[in-house]
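Enquirer: My structure is below; once you've seen it, I'll send some questions.
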Amino acid sequence: MRTEAAWLGRRLLLWWVAASGFMTMFATCPFCGKPGCVTGAGLYAAVIAPIVTFFSWKARRSHGKNEGSAERTVNDSGKASKRYIKSCRGDFWQEVFQRELDYLVEHLGGCSDVLSVGCGPAIIEGGLAVRGFKVTGLDVSQEALSCAPNQIRTVAARAEDMPFPASSFDAVIYVVSLQFVEDYRQALEKSASVLRPGGRIVVMLLNPESVFFKEKLRDSDSYVRKIRYANIRDIERTMTESFEVRAEYFMGVKQGRLFESRDPDYSVLYVLSGTKLPIGAGKGSR
């Protein structure tokens, strides 16, 4: 509080000195039109200076709050990443990642350069790198990317603003990330742009019809509650504008146990995969 008062006092003094000194020497009085008017300078110092100072103080406080908010966001992101990595060490999630990794390896055969959008700490992407893929991980959180394996290249940016030239990758993957970006349509457009002709895409979506999803949705601390787009059919329709798409349910979960399933009630994921269409050749999904 004393710091704020001192700042206001110094600022008011500076404005008063400017008004009574420089204005009387050089300025024309804004009230009477005479040069060097002491009365005008006094009015300026007494009326205008406090107003200008008040708004300067408000701007200063607002800037300080914004800086504090940004710092808290970074800290929260770092804490969330650490919590996520810690939870990933459990047997259940290790098995989930292994199944997702096996699926990707099967569907990315023949691809070399792979872009993973929304990769976070890039656990699965590290597995792809071990299998011989050249992986680039993209995520908005630099804190999360700092936990990524050294084998992959990392880039901090929004999915909607991918900083890559056209035709840079053989494949683009979204491992349960597309539903959480701000604008999935723009992200898919950018994905098509950075893919080479005939490039592949694999989008793993959370299946909102599944028992697992509905259970997680009731948990106030679950990441599922942060989902932006639960309508997987809209996403599928959007994808068909740029890709030849195949869809399937994948990976059942029941009472904490994983099993092979294509049942919408138990499959955790709805996977959209396909190839980039030539420009102007958009079509419906198969």
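Labels for the structure tokens follow display order: chains A, B, ..., residues from 1 in each chain, ligands from 1.
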Where in range 88-276 of chain A does DSSP assign alpha helix (DSSP H), given as a PyMOL selection string?
Expert: chain A and resi 91-107+123-130+142-145+184-194+211-217+232-239
Enquirer: Give the answer as one residue: which of A:Tyr103, A:Phe133, A:Tyr266, A:Trp93 has the shortest atom-to-atom distance to Phe212 in chain A, using only C-alpha atoms?
Expert: A:Tyr266
Enquirer: Arg257 in chain A: which residues within 12 Å, counting only C-alpha atoms, same-chain residues fewer than 5 positions away excluded, as a list in words?
Expert: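 Those residues are Asp91, Phe92, Trp93, Glu95, Val96, Phe212, Met251, Gly252, Tyr266, Ser267 and Val268 of chain A.
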Enquirer: Quick one: residues within 12 Å of range 150-164 of chain A, only C-alpha atoms counted, chain neighbours fewer than 6 positions away excluded, as a PyMOL selection string?
Expert: chain A and resi 113-144+172-174+177-196
Enquirer: Using only C-alpha atoms, which of the listed residues (A:Leu277, A:Asp263, A:Ser220, A:Glu215) sits closest to Ile201 in chain A?
Expert: A:Leu277
Enquirer: Excluding Glu244 in chain A and residues on its chain fewer than 4 positions from it, collect all residues at most 7 Å away from it, counting only C-alpha atoms, and give them as a VMD selection string.
Expert: chain A and resid 240 274 to 277 285
